[in-house]
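Engineer: Pasting run-v2.txt here (compact mmCIF, C-alpha atoms):
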```txt
# COMPACT_ATOMS: atom_id res chain seq x y z
CA MET U 1132 -14.38 -9.07 -21.38
CA GLU U 1133 -13.73 -6.00 -23.46
CA LYS U 1134 -17.40 -5.03 -23.52
CA LYS U 1135 -17.38 -4.65 -19.77
CA SER U 1136 -14.42 -2.31 -19.81
CA GLU U 1137 -15.84 -0.13 -22.61
CA ASP U 1138 -18.95 0.81 -20.65
CA LYS U 1139 -18.83 4.33 -19.29
CA PRO U 1140 -20.66 4.50 -15.98
CA SER U 1141 -21.75 8.02 -15.20
CA VAL U 1142 -21.57 7.54 -11.48
CA GLY U 1143 -18.22 8.15 -9.77
CA PHE U 1144 -16.36 5.06 -8.56
CA SER U 1145 -16.62 6.28 -5.01
CA PHE U 1146 -15.22 5.01 -1.78
CA GLY U 1147 -16.86 5.72 1.57
CA ARG U 1148 -15.45 8.39 3.87
CA PRO U 1149 -13.98 7.34 7.22
CA ILE U 1150 -16.58 7.05 9.97
CA SER U 1151 -16.54 10.08 12.21
CA SER U 1152 -15.93 9.77 15.91
CA SER U 1153 -19.40 11.14 16.59
CA SER U 1154 -20.97 8.01 15.14
CA PHE U 1155 -19.57 5.85 17.91
CA VAL U 1156 -21.41 5.54 21.22
CA PRO U 1157 -19.07 4.85 24.16
CA LEU U 1158 -19.84 1.72 26.10
CA SER U 1159 -20.41 2.03 29.81
CA ASN U 1160 -17.36 0.80 31.72
CA PRO U 1161 -17.75 -1.71 34.55
CA SER U 1162 -17.49 -0.11 37.95
CA PRO U 1163 -13.89 -0.11 39.24
CA PRO U 1164 -13.00 -1.34 42.73
CA ALA U 1165 -13.98 1.09 45.48
CA LEU U 1166 -11.06 3.42 46.26
CA THR U 1167 -10.30 5.19 49.49
CA LEU U 1168 -8.02 8.21 49.25
CA THR U 1169 -5.44 8.48 52.03
CA SER U 1170 -2.80 11.11 52.58
CA SER U 1171 -0.09 8.98 51.02
CA SER U 1172 -1.73 6.63 48.53
CA PHE U 1173 -4.81 4.97 47.08
CA THR U 1174 -5.89 1.85 49.02
CA ILE U 1175 -8.34 -0.82 47.94
CA SER U 1176 -11.46 -1.10 50.08
CA SER U 1177 -11.73 -3.89 52.65
CA GLN U 1178 -14.26 -5.84 50.57
CA THR U 1179 -11.88 -5.94 47.61
CA GLN U 1180 -8.99 -6.89 49.92
CA ASN U 1181 -10.96 -9.86 51.23
CA ASP U 1182 -11.76 -11.02 47.70
CA SER U 1183 -8.11 -10.68 46.78
CA THR U 1184 -7.03 -12.75 49.81
CA LYS U 1185 -9.44 -15.52 48.85
CA GLU U 1186 -8.03 -15.58 45.33
CA LYS U 1187 -4.51 -16.01 46.66
CA LYS U 1188 -5.57 -19.02 48.72
CA ARG U 1189 -7.05 -20.75 45.67
CA GLU U 1190 -4.82 -23.30 44.05
CA LYS U 1191 -3.43 -22.08 40.70
CA PRO U 1192 -4.44 -24.30 37.77
CA VAL U 1193 -1.56 -26.29 36.28
CA GLY U 1194 -0.49 -25.74 32.66
CA ILE U 1195 -2.22 -22.38 32.07
CA PRO U 1196 0.28 -19.60 31.28
CA VAL U 1197 0.07 -16.35 33.18
CA PHE U 1198 0.57 -13.22 31.04
CA THR U 1199 2.07 -10.30 32.91
CA GLY U 1200 1.70 -7.83 30.03
CA PHE U 1201 0.80 -7.41 26.36
CA GLN U 1202 3.52 -8.60 24.00
CA SER U 1203 3.91 -6.08 21.17
CA LYS U 1204 7.24 -7.27 19.77
CA LEU U 1205 8.42 -10.70 18.73
CA GLU U 1206 11.91 -12.04 19.36
CA SER U 1207 12.50 -12.91 15.71
CA GLN U 1208 11.27 -11.55 12.36
CA TRP U 1209 8.28 -13.19 10.67
CA ARG U 1210 9.83 -12.25 7.32
CA ASP U 1211 13.55 -12.59 6.77
CA VAL U 1212 15.14 -9.25 5.86
CA GLN U 1213 18.77 -8.22 6.15
CA TRP U 1214 19.01 -4.66 7.48
CA THR U 1215 22.48 -3.80 6.23
CA GLU U 1216 24.21 -1.38 3.89
CA GLU U 1217 25.24 -4.37 1.76
CA GLN U 1218 21.59 -5.42 1.37
CA LYS U 1219 20.66 -1.88 0.36
CA LYS U 1220 23.36 -1.84 -2.33
CA SER U 1221 22.29 -5.27 -3.57
CA LEU U 1222 18.66 -4.17 -3.90
CA MET U 1223 19.66 -0.91 -5.60
CA LYS U 1224 21.69 -2.86 -8.14
CA ALA U 1225 18.80 -5.25 -8.77
CA VAL U 1226 16.34 -2.40 -9.38
CA SER U 1227 18.79 -0.33 -11.45
CA SER U 1228 19.65 -3.22 -13.73
CA TYR U 1229 16.06 -4.41 -14.15
CA ARG U 1230 14.74 -4.60 -17.70
CA PRO U 1231 11.47 -6.19 -18.84
CA SER U 1232 11.90 -9.63 -20.38
CA CYS U 1233 9.80 -8.54 -23.36
CA LYS U 1234 11.98 -6.84 -25.99
CA ASP U 1235 9.05 -4.72 -27.20
CA VAL U 1236 8.77 -3.02 -23.79
CA PRO U 1237 11.68 -0.79 -22.68
CA GLN U 1238 10.17 0.01 -19.26
CA ALA U 1239 7.64 -1.68 -17.00
CA ARG U 1240 4.71 0.54 -16.00
CA VAL U 1241 3.26 0.14 -12.50
CA LEU U 1242 0.07 1.94 -11.46
CA LEU U 1243 -0.27 3.05 -7.82
CA LEU U 1244 -3.93 2.99 -6.84
CA GLY U 1245 -5.44 3.82 -3.47
CA PRO U 1246 -7.46 6.20 -1.28
CA VAL U 1247 -6.72 9.90 -0.90
CA ARG U 1248 -3.59 10.53 1.21
CA SER U 1249 -2.66 6.87 1.37
CA GLY U 1250 0.95 7.70 0.40
CA LYS U 1251 1.13 7.02 -3.36
CA SER U 1252 3.02 10.18 -4.32
CA SER U 1253 5.18 9.94 -1.19
CA PHE U 1254 6.19 6.42 -2.12
CA ILE U 1255 7.37 7.57 -5.56
CA SER U 1256 9.36 10.43 -4.04
CA SER U 1257 10.82 8.14 -1.37
CA VAL U 1258 12.01 5.55 -3.89
CA GLN U 1259 13.60 8.23 -6.03
CA SER U 1260 15.23 9.71 -2.90
CA VAL U 1261 17.06 6.42 -2.30
CA PHE U 1262 18.68 6.64 -5.74
CA ASN U 1263 19.35 10.38 -5.44
CA GLY U 1264 21.23 9.86 -2.19
CA ARG U 1265 19.14 12.48 -0.40
CA VAL U 1266 15.50 13.10 0.47
CA THR U 1267 13.66 14.78 -2.41
CA ASN U 1268 10.03 15.36 -3.33
CA ARG U 1269 9.86 14.77 -7.03
CA ALA U 1270 6.20 13.74 -7.06
CA MET U 1271 4.19 16.62 -5.60
CA VAL U 1272 2.57 15.67 -2.29
CA GLY U 1273 -0.54 17.48 -1.07
CA SER U 1274 -1.63 18.42 2.43
CA SER U 1275 -5.42 18.35 2.07
CA PHE U 1276 -7.10 15.69 4.16
CA ASN U 1277 -10.21 15.28 2.00
CA THR U 1278 -9.15 15.83 -1.59
CA SER U 1279 -6.53 14.34 -3.85
CA PHE U 1280 -3.57 16.57 -4.72
CA THR U 1281 -2.92 14.52 -7.85
CA LYS U 1282 -5.61 15.26 -10.45
CA LYS U 1283 -4.05 13.77 -13.57
CA LEU U 1284 -2.14 10.77 -14.81
CA GLN U 1285 1.58 11.23 -14.21
CA SER U 1286 4.36 8.79 -15.02
CA PHE U 1287 7.69 8.95 -13.20
CA ASN U 1288 10.85 7.32 -14.52
CA ILE U 1289 12.83 5.94 -11.61
CA ARG U 1290 16.28 7.25 -12.32
CA GLY U 1291 19.38 5.31 -11.41
CA GLN U 1292 22.21 6.71 -9.35
CA LYS U 1293 24.17 9.69 -10.60
CA GLY U 1294 25.65 9.00 -13.98
CA GLU U 1295 23.34 6.04 -14.63
CA ASP U 1296 20.47 5.76 -17.09
CA ASN U 1297 16.84 5.47 -16.05
CA THR U 1298 15.87 2.11 -14.60
CA GLY U 1299 13.45 -0.18 -16.40
CA LEU U 1300 10.67 0.93 -14.05
CA VAL U 1301 8.03 3.66 -14.38
CA LEU U 1302 5.69 4.41 -11.44
CA CYS U 1303 2.36 5.91 -12.51
CA ASP U 1304 0.50 8.21 -10.14
CA ILE U 1305 -3.21 8.86 -10.41
CA MET U 1306 -5.81 10.73 -8.41
CA GLY U 1307 -6.71 9.20 -5.08
CA LEU U 1308 -9.88 7.21 -4.56
CA GLY U 1309 -12.41 8.22 -1.97
CA ASP U 1310 -14.12 11.45 -2.88
CA GLY U 1311 -16.61 9.98 -5.35
CA GLU U 1312 -18.45 12.86 -6.97
CA THR U 1313 -15.62 15.25 -6.15
CA THR U 1314 -12.87 13.25 -7.81
CA GLY U 1315 -14.93 11.83 -10.64
CA LEU U 1316 -12.66 8.78 -10.91
CA THR U 1317 -14.77 6.01 -12.43
CA LEU U 1318 -14.19 2.32 -12.86
CA HIS U 1319 -14.16 2.93 -16.60
CA ASP U 1320 -11.39 5.53 -16.26
CA ILE U 1321 -9.24 3.24 -14.10
CA LEU U 1322 -9.52 0.37 -16.58
CA SER U 1323 -8.79 2.76 -19.47
CA VAL U 1324 -5.53 3.73 -17.74
CA ILE U 1325 -4.58 0.08 -17.28
CA LYS U 1326 -5.31 -0.65 -20.96
CA GLY U 1327 -3.00 2.19 -21.98
CA GLN U 1328 -5.70 4.31 -23.58
CA VAL U 1329 -5.29 7.39 -21.37
CA PRO U 1330 -2.72 9.97 -22.53
CA GLU U 1331 -0.01 11.21 -20.19
CA GLY U 1332 -1.13 14.27 -18.26
CA HIS U 1333 -4.85 13.65 -18.77
CA LYS U 1334 -6.90 15.45 -16.12
CA PHE U 1335 -9.85 13.43 -14.90
CA SER U 1336 -13.30 14.97 -14.75
CA PRO U 1337 -16.56 13.55 -13.32
CA ASP U 1338 -18.49 14.85 -16.32
CA GLN U 1339 -16.08 13.67 -19.00
CA PRO U 1340 -15.15 9.98 -18.77
CA VAL U 1341 -12.25 8.87 -20.93
CA GLY U 1342 -13.33 8.04 -24.49
CA THR U 1343 -12.50 8.39 -28.15
CA GLU U 1344 -13.29 12.10 -27.96
CA THR U 1345 -10.65 12.61 -25.24
CA ALA U 1346 -7.66 14.63 -26.47
CA GLY U 1347 -4.73 12.30 -27.04
CA TYR U 1348 -6.83 9.15 -26.58
CA VAL U 1349 -4.88 6.05 -27.59
CA LYS U 1350 -7.19 3.97 -29.77
CA THR U 1351 -4.83 1.04 -30.29
CA PRO U 1352 -2.37 0.96 -27.36
CA SER U 1353 0.72 -1.19 -27.67
CA LEU U 1354 2.07 -3.42 -24.93
CA ARG U 1355 4.49 -0.68 -23.85
CA ASP U 1356 1.54 1.69 -23.26
CA ARG U 1357 -0.27 -0.66 -20.92
CA ILE U 1358 0.01 -1.03 -17.14
CA HIS U 1359 1.92 -4.19 -16.29
CA CYS U 1360 1.19 -4.33 -12.55
CA VAL U 1361 -1.13 -2.55 -10.12
CA ALA U 1362 0.05 -1.72 -6.60
CA PHE U 1363 -2.76 -0.86 -4.19
CA VAL U 1364 -1.63 1.62 -1.56
CA VAL U 1365 -3.37 1.52 1.83
CA ASP U 1366 -2.73 3.64 4.94
CA ALA U 1367 -2.08 1.38 7.95
CA SER U 1368 -3.21 4.08 10.39
CA LYS U 1369 -6.66 4.27 8.75
CA ILE U 1370 -7.35 0.61 8.06
CA SER U 1371 -9.91 0.34 10.87
CA SER U 1372 -11.77 3.52 9.92
CA TYR U 1373 -12.47 2.73 6.26
CA HIS U 1374 -16.14 2.45 5.40
CA LYS U 1375 -17.73 -1.02 5.18
CA GLY U 1376 -18.28 -0.60 1.43
CA PHE U 1377 -14.58 -0.09 0.85
CA GLY U 1378 -13.84 -3.80 0.85
CA SER U 1379 -16.51 -4.80 -1.68
CA THR U 1380 -15.48 -1.96 -4.01
CA PHE U 1381 -11.81 -2.98 -3.86
CA LYS U 1382 -12.68 -6.61 -4.57
CA GLN U 1383 -14.86 -5.60 -7.53
CA LEU U 1384 -12.04 -3.49 -8.89
CA ARG U 1385 -9.58 -6.36 -8.46
CA GLU U 1386 -11.83 -8.70 -10.43
CA PHE U 1387 -11.94 -6.33 -13.42
CA ILE U 1388 -8.16 -5.80 -13.29
CA SER U 1389 -7.56 -9.55 -13.12
CA GLU U 1390 -9.67 -10.02 -16.24
CA LEU U 1391 -7.15 -7.82 -18.04
CA GLY U 1392 -4.37 -10.22 -17.01
CA VAL U 1393 -2.67 -7.73 -14.69
CA HIS U 1394 -1.21 -8.93 -11.39
CA GLN U 1395 -1.75 -6.92 -8.21
CA VAL U 1396 0.19 -6.31 -5.00
CA ALA U 1397 -0.35 -3.98 -2.06
CA LEU U 1398 1.77 -1.48 -0.14
CA LEU U 1399 0.88 -0.85 3.50
CA THR U 1400 2.13 2.65 4.27
CA HIS U 1401 2.55 4.62 7.52
CA VAL U 1402 3.42 1.50 9.51
CA ASP U 1403 5.48 3.71 11.83
CA GLN U 1404 2.24 5.38 12.95
CA ILE U 1405 0.74 2.16 14.31
CA CYS U 1406 3.82 0.78 16.07
CA PRO U 1407 6.07 2.83 18.41
CA GLU U 1408 8.87 0.26 18.11
CA THR U 1409 8.84 0.56 14.31
CA ALA U 1410 8.76 4.35 14.58
CA LYS U 1411 11.97 4.20 16.63
CA ASP U 1412 13.65 1.68 14.35
CA VAL U 1413 12.18 0.53 11.02
CA SER U 1414 14.01 -2.80 11.30
CA ASN U 1415 11.44 -3.79 13.95
CA VAL U 1416 8.63 -3.80 11.37
CA TYR U 1417 8.69 -7.60 10.93
CA LYS U 1418 8.80 -8.16 14.68
CA SER U 1419 5.73 -6.02 15.29
CA LEU U 1420 2.49 -7.80 16.17
CA SER U 1421 0.46 -4.67 15.42
CA VAL U 1422 1.92 -4.45 11.90
CA ARG U 1423 1.22 -8.14 11.29
CA GLU U 1424 -2.35 -7.77 12.56
CA THR U 1425 -2.89 -4.72 10.34
CA MET U 1426 -1.54 -6.64 7.34
CA ASN U 1427 -4.14 -9.33 8.01
CA LYS U 1428 -6.86 -6.67 8.09
CA THR U 1429 -5.53 -5.22 4.85
CA GLY U 1430 -5.63 -8.64 3.22
CA ALA U 1431 -9.27 -9.02 4.28
CA LEU U 1432 -10.09 -5.53 2.98
CA LEU U 1433 -8.52 -6.11 -0.43
CA GLY U 1434 -9.45 -9.75 -0.72
CA MET U 1435 -5.86 -10.91 -1.18
CA SER U 1436 -3.35 -13.04 0.67
CA THR U 1437 -0.86 -11.24 2.92
CA SER U 1438 1.93 -12.70 0.77
CA TYR U 1439 1.07 -9.99 -1.77
CA ILE U 1440 1.31 -7.21 0.84
CA VAL U 1441 4.49 -5.44 1.98
CA PRO U 1442 4.83 -2.73 4.66
CA VAL U 1443 6.40 0.59 3.73
CA LYS U 1444 7.64 3.69 5.52
CA ASN U 1445 7.85 6.74 3.28
CA TYR U 1446 10.10 9.71 3.90
CA ALA U 1447 8.05 12.62 5.23
CA SER U 1448 9.74 15.19 7.46
CA GLU U 1449 13.21 13.62 7.36
CA LEU U 1450 16.11 15.39 5.69
CA ASP U 1451 18.55 12.48 5.67
CA LEU U 1452 18.26 8.93 4.41
CA ASP U 1453 18.11 5.95 6.75
CA VAL U 1454 19.54 2.57 5.71
CA ASN U 1455 16.69 0.55 7.24
CA THR U 1456 14.03 2.73 5.62
CA ASP U 1457 15.85 2.40 2.28
CA VAL U 1458 15.96 -1.39 2.58
CA LEU U 1459 12.21 -1.52 3.27
CA LEU U 1460 11.44 0.76 0.30
CA LEU U 1461 13.71 -1.13 -2.09
CA SER U 1462 12.31 -4.45 -0.89
CA ALA U 1463 8.85 -3.18 -1.83
CA VAL U 1464 10.05 -2.23 -5.32
CA ASP U 1465 11.70 -5.64 -5.72
CA HIS U 1466 8.42 -7.25 -4.64
CA ILE U 1467 6.54 -5.29 -7.31
CA LEU U 1468 9.02 -6.25 -10.03
CA GLN U 1469 8.48 -9.94 -9.31
CA TYR U 1470 4.83 -9.55 -10.31
CA VAL U 1471 5.73 -7.38 -13.28
CA ASP U 1472 7.85 -10.28 -14.52
CA MET U 1473 4.89 -12.60 -14.08
CA PHE U 1474 2.87 -10.38 -16.42
CA PHE U 1475 5.48 -10.70 -19.17
CA GLN U 1476 5.81 -14.44 -18.55
CA ASP U 1477 2.05 -14.78 -19.02
CA TYR U 1478 2.16 -12.61 -22.14
CA ALA U 1479 5.08 -14.38 -23.87
CA PRO U 1480 3.22 -17.61 -24.80
CA GLN U 1481 0.28 -15.61 -26.17
CA HIS U 1482 2.62 -13.39 -28.18
CA THR U 1483 4.41 -16.44 -29.62
CA ARG U 1484 1.17 -18.13 -30.64
CA SER U 1485 -0.10 -14.96 -32.36
CA LYS U 1486 3.06 -14.83 -34.52
CA MET U 1487 2.64 -18.46 -35.52
CA VAL U 1488 -0.94 -17.98 -36.71
```
Using C-alpha cells, write down the structure that the file contains.
Structural biologist:
Amino acid sequence: MEKKSEDKPSVGFSFGRPISSSSFVPLSNPSPPALTLTSSSFTISSQTQNDSTKEKKREKPVGIPVFTGFQSKLESQWRDVQWTEEQKKSLMKAVSSYRPSCKDVPQARVLLLGPVRSGKSSFISSVQSVFNGRVTNRAMVGSSFNTSFTKKLQSFNIRGQKGEDNTGLVLCDIMGLGDGETTGLTLHDILSVIKGQVPEGHKFSPDQPVGTETAGYVKTPSLRDRIHCVAFVVDASKISSYHKGFGSTFKQLREFISELGVHQVALLTHVDQICPETAKDVSNVYKSLSVRETMNKTGALLGMSTSYIVPVKNYASELDLDVNTDVLLLSAVDHILQYVDMFFQDYAPQHTRSKMV
C-alpha cells in the first residue's frame, strides 16, 4: 500500500475542462402546429382544430394520471431537518464542544478537495461566519474562472463564539483540481497531504512533487499531522458539464484514499443556483426535486452513495446571516464530524494492539 503512495508521477493529476457550448449541435425541433396571426390573437389552423376535436371525443383511459405541470417541489422533506434558531444553537454547541476521541489528537483535520471554484474556500469562510455572528471572508476566495486562487496548503482553525476557544476542528484548504498542467497537483501530492507529510504553507509546483527534499517535509508524521476525513466539494450548477473523465479520476482517487483508512463525504455547493425555490428560501432544499436529482448525479460522479452527500449554500454576496443557511452549513459540519469519529474508532483497536505487542 505504501509503495503506491510513494511513487511520484510526473504528470499532473488533471481533471477535464467543462465542455464548451460550441461542442453541442442543436437538434432540429419538430414542426409546431400551423399558426394564423389575427388582429387579436394566435389561432390554431383548422387541421389542428379538427385533430383536437377528435381527441376530445376519444374516451380517456381509466387509471392513468394526467399531469398538468412539472412538479419541482415536494410537500414534505426527504431529509428531516429542523429550520429553527434552537436547532442552530444546538448544532453550534455540538461543533464547539467537539473533541476527537483520541487523546493524542487535539484537533481533527479535514481536507476539502474538489475542482476549481467549487466553493471550498467559501465553505470555510461561511462556517466561520456562523460562529463570528456576521459574514466574513477569512479564507481568501478568488474570482478567476479557470485557475485556483488557493495555491498552497492552508489550515484553518474553526474558532468558537466570542470568548470561546478554538473548536476541535481544522478545515484544510488546498489548490483546486481541474487545471492539470497549470496547477501541477498530482495524485502523489494529494496522498502526501493526507499522510501528513506536507508542511503547512507548502506551495505546490508541477515540476517539484512533494518529497524528502521539500522544505519542511515531515518524514515521520504523527496521527495529529494526518488528515482524518476528506470532504469532496462539487458545484451543483456544473455537475452536468464536467468532462466524462472526471468520474473515473474521482473514483481512482477515492480508492487510494480508502487504502489509507480515511473516510470520505461530499459537499454539494451552489444548490441555490439550480433551484429557484431554494434560492428564495434555503429551507426548501430538501423539498427540491432538482436538488435531489443533482445529488444522485453527484453520487454517480464520485462513486458514492447519496447518504454521504449533503447540500450546502455558502455565503457569497450577503452581508447578514440567515438562520436557515446557518442550519444547513452546521448540519454539513456535523455530518463531516460523524465520519471523523469513524476514523478514530477504526484507529483505536489498531493503536491498542500496537501497545500490547
Engineer: Determine the nearest neighbour of Asp1453 (chain U) from the options U:Asp1338, U:Glu1331, U:Asp1412, U:Asp1320, counting all atoms listed in the file.
Structural biologist: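 Nearest to Asp1453 (chain U): U:Asp1412.
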Engineer: With all atoms listed in the file counted, which protein, DNA or RNA residues have an atom no more than 9 Å from (19.5, 9.8, 3.6) in the file frame? Please answer as a ChimeraX atom specification.
Structural biologist: /U:1260-1261,1264-1266,1449-1454,1457
Engineer: Keeping C-alpha atoms for every residue in the selection just given, could you write it to a file as a JSON list (two decimals), keeping the file's coordinate frame?
Structural biologist:
```
[["chain", "number", "residue", "atom", "x", "y", "z"],
["U", 1260, "SER", "CA", 15.23, 9.71, -2.90],
["U", 1261, "VAL", "CA", 17.06, 6.42, -2.30],
["U", 1264, "GLY", "CA", 21.23, 9.86, -2.19],
["U", 1265, "ARG", "CA", 19.14, 12.48, -0.40],
["U", 1266, "VAL", "CA", 15.50, 13.10, 0.47],
["U", 1449, "GLU", "CA", 13.21, 13.62, 7.36],
["U", 1450, "LEU", "CA", 16.11, 15.39, 5.69],
["U", 1451, "ASP", "CA", 18.55, 12.48, 5.67],
["U", 1452, "LEU", "CA", 18.26, 8.93, 4.41],
["U", 1453, "ASP", "CA", 18.11, 5.95, 6.75],
["U", 1454, "VAL", "CA", 19.54, 2.57, 5.71],
["U", 1457, "ASP", "CA", 15.85, 2.40, 2.28]]
```
Engineer: What is the CA of Ser1336 (chain U)-CA of Lys1350 (chain U) distance in Å, reported with one decimal?
Structural biologist: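 Those two atoms sit 19.6 Å apart.
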Engineer: What separation in Å, quoted to one decimal, exists between CA of Lys1234 (chain U) and CA of Pro1352 (chain U)?
Structural biologist: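 Pair CA of Lys1234 (chain U) / CA of Pro1352 (chain U) returns 16.4 Å.
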Engineer: Neighbours of Cys1360 (chain U) within 9 Å (all atoms listed in the file; same-chain residues fewer than 3 positions away dropped), as a PyMOL selection string?
Structural biologist: chain U and resi 1239-1243+1325+1393-1396+1467-1468+1470-1471+1474
Engineer: Write the residues of the preceding selection, restricted to C-alpha atoms, as an mmCIF file, in the coordinates of the input.
Structural biologist:
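What follows is the written file result04.cif:
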```
data_model
loop_
_atom_site.group_PDB
_atom_site.id
_atom_site.type_symbol
_atom_site.label_atom_id
_atom_site.label_comp_id
_atom_site.auth_asym_id
_atom_site.auth_seq_id
_atom_site.Cartn_x
_atom_site.Cartn_y
_atom_site.Cartn_z
ATOM 1 C CA ALA U 1239 7.640 -1.680 -17.000
ATOM 2 C CA ARG U 1240 4.710 0.540 -16.000
ATOM 3 C CA VAL U 1241 3.260 0.140 -12.500
ATOM 4 C CA LEU U 1242 0.070 1.940 -11.460
ATOM 5 C CA LEU U 1243 -0.270 3.050 -7.820
ATOM 6 C CA ILE U 1325 -4.580 0.080 -17.280
ATOM 7 C CA VAL U 1393 -2.670 -7.730 -14.690
ATOM 8 C CA HIS U 1394 -1.210 -8.930 -11.390
ATOM 9 C CA GLN U 1395 -1.750 -6.920 -8.210
ATOM 10 C CA VAL U 1396 0.190 -6.310 -5.000
ATOM 11 C CA ILE U 1467 6.540 -5.290 -7.310
ATOM 12 C CA LEU U 1468 9.020 -6.250 -10.030
ATOM 13 C CA TYR U 1470 4.830 -9.550 -10.310
ATOM 14 C CA VAL U 1471 5.730 -7.380 -13.280
ATOM 15 C CA PHE U 1474 2.870 -10.380 -16.420
#
```
Engineer: Using all atoms listed in the file, determine which residues lie at most 12 Å from Lys1326 (chain U), disregarding the query and same-chain residues fewer than 6 positions distant; provide the list as a list in words.
Structural biologist: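 Close residues of Lys1326 (chain U): Glu1133, Ser1136, Glu1137, Arg1240, Leu1242, His1319, Asp1320, Val1341, Tyr1348, Val1349, Lys1350, Thr1351, Pro1352, Ser1353, Leu1354, Arg1355, Asp1356, Arg1357, Ile1358, His1359, Cys1360, Val1361, Phe1387, Ile1388, Glu1390, Leu1391, Gly1392 and Val1393 of chain U.
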Engineer: With a distance cut-off of 6 Å and all atoms listed in the file, select the neighbouring residues of Tyr1229 (chain U), excluding the residue or stretch itself and same-chain residues fewer than 2 positions from it, and output the selection as a PyMOL selection string.
Structural biologist: chain U and resi 1226-1227+1299
Engineer: Would you give the centre and edge lengths, in Å to one decimal, of a box along x, y and z around the listed atoms of region 1226-1230 of chain U, with 4 Å added to each side, as JSON?
Structural biologist:
```
{"center_x": 17.2, "center_y": -2.5, "center_z": -13.5, "size_x": 12.9, "size_y": 12.3, "size_z": 16.3}
```
Engineer: Using all atoms listed in the file for the distances, tell me which of U:Ala1463, U:Leu1308, U:Val1324, U:Leu1318 is nearest to Arg1385 (chain U).
Structural biologist: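 Looking only at the distances to Arg1385 (chain U), the closest residue turns out to be U:Leu1318.
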Engineer: Skipping near chain neighbours, those fewer than 3 positions away, what residues fall within 12 Å of Ala1410 (chain U) using only C-alpha atoms, listed as a list of chain:residue names?
Structural biologist: U:His1401, U:Val1402, U:Asp1403, U:Gln1404, U:Ile1405, U:Cys1406, U:Pro1407, U:Val1413, U:Ser1414, U:Asn1415, U:Val1416, U:Ser1419, U:Val1422, U:Val1443, U:Lys1444, U:Asn1445, U:Asn1455, U:Thr1456
Engineer: Give me, as a ChimeraX atom specification, all polymer residues having an atom no more than 12 Å from Gln1218 (chain U), counting only C-alpha atoms and skipping those fewer than 2 positions away in the same chain.
Structural biologist: /U:1212-1216,1220-1225,1454-1462
Engineer: N, CA and C atoms are what I want for region 1222-1238 of chain U; can you complete it accordingly and write them as a tab-separated table (two decimals), in the frame of the given file?
Structural biologist:
```tsv
chain	number	residue	atom	x	y	z
U	1222	LEU	N	20.00	-4.48	-3.40
U	1222	LEU	CA	18.66	-4.17	-3.90
U	1222	LEU	C	18.70	-3.03	-4.92
U	1223	MET	N	19.53	-2.02	-4.66
U	1223	MET	CA	19.66	-0.91	-5.60
U	1223	MET	C	20.18	-1.41	-6.95
U	1224	LYS	N	21.12	-2.31	-6.91
U	1224	LYS	CA	21.69	-2.86	-8.14
U	1224	LYS	C	20.63	-3.67	-8.90
U	1225	ALA	N	19.85	-4.43	-8.15
U	1225	ALA	CA	18.80	-5.25	-8.77
U	1225	ALA	C	17.75	-4.39	-9.46
U	1226	VAL	N	17.34	-3.30	-8.80
U	1226	VAL	CA	16.34	-2.40	-9.38
U	1226	VAL	C	16.92	-1.61	-10.55
U	1227	SER	N	18.15	-1.13	-10.39
U	1227	SER	CA	18.79	-0.33	-11.45
U	1227	SER	C	18.99	-1.13	-12.73
U	1228	SER	N	19.34	-2.38	-12.57
U	1228	SER	CA	19.65	-3.22	-13.73
U	1228	SER	C	18.42	-3.91	-14.32
U	1229	TYR	N	17.26	-3.72	-13.67
U	1229	TYR	CA	16.06	-4.41	-14.15
U	1229	TYR	C	15.64	-3.93	-15.53
U	1230	ARG	N	15.31	-4.88	-16.40
U	1230	ARG	CA	14.74	-4.60	-17.70
U	1230	ARG	C	13.66	-5.64	-17.97
U	1231	PRO	N	12.53	-5.23	-18.54
U	1231	PRO	CA	11.47	-6.19	-18.84
U	1231	PRO	C	11.97	-7.30	-19.76
U	1232	SER	N	11.47	-8.50	-19.57
U	1232	SER	CA	11.90	-9.63	-20.38
U	1232	SER	C	11.38	-9.56	-21.81
U	1233	CYS	N	10.36	-8.71	-22.02
U	1233	CYS	CA	9.80	-8.54	-23.36
U	1233	CYS	C	10.58	-7.44	-24.09
U	1234	LYS	N	11.15	-7.79	-25.24
U	1234	LYS	CA	11.98	-6.84	-25.99
U	1234	LYS	C	11.19	-5.63	-26.51
U	1235	ASP	N	9.88	-5.80	-26.68
U	1235	ASP	CA	9.05	-4.72	-27.20
U	1235	ASP	C	8.74	-3.65	-26.15
U	1236	VAL	N	9.09	-3.93	-24.90
U	1236	VAL	CA	8.77	-3.02	-23.79
U	1236	VAL	C	10.06	-2.56	-23.11
U	1237	PRO	N	10.44	-1.29	-23.29
U	1237	PRO	CA	11.68	-0.79	-22.68
U	1237	PRO	C	11.58	-0.58	-21.17
U	1238	GLN	N	10.37	-0.24	-20.69
U	1238	GLN	CA	10.17	0.01	-19.26
U	1238	GLN	C	8.85	-0.57	-18.79
```
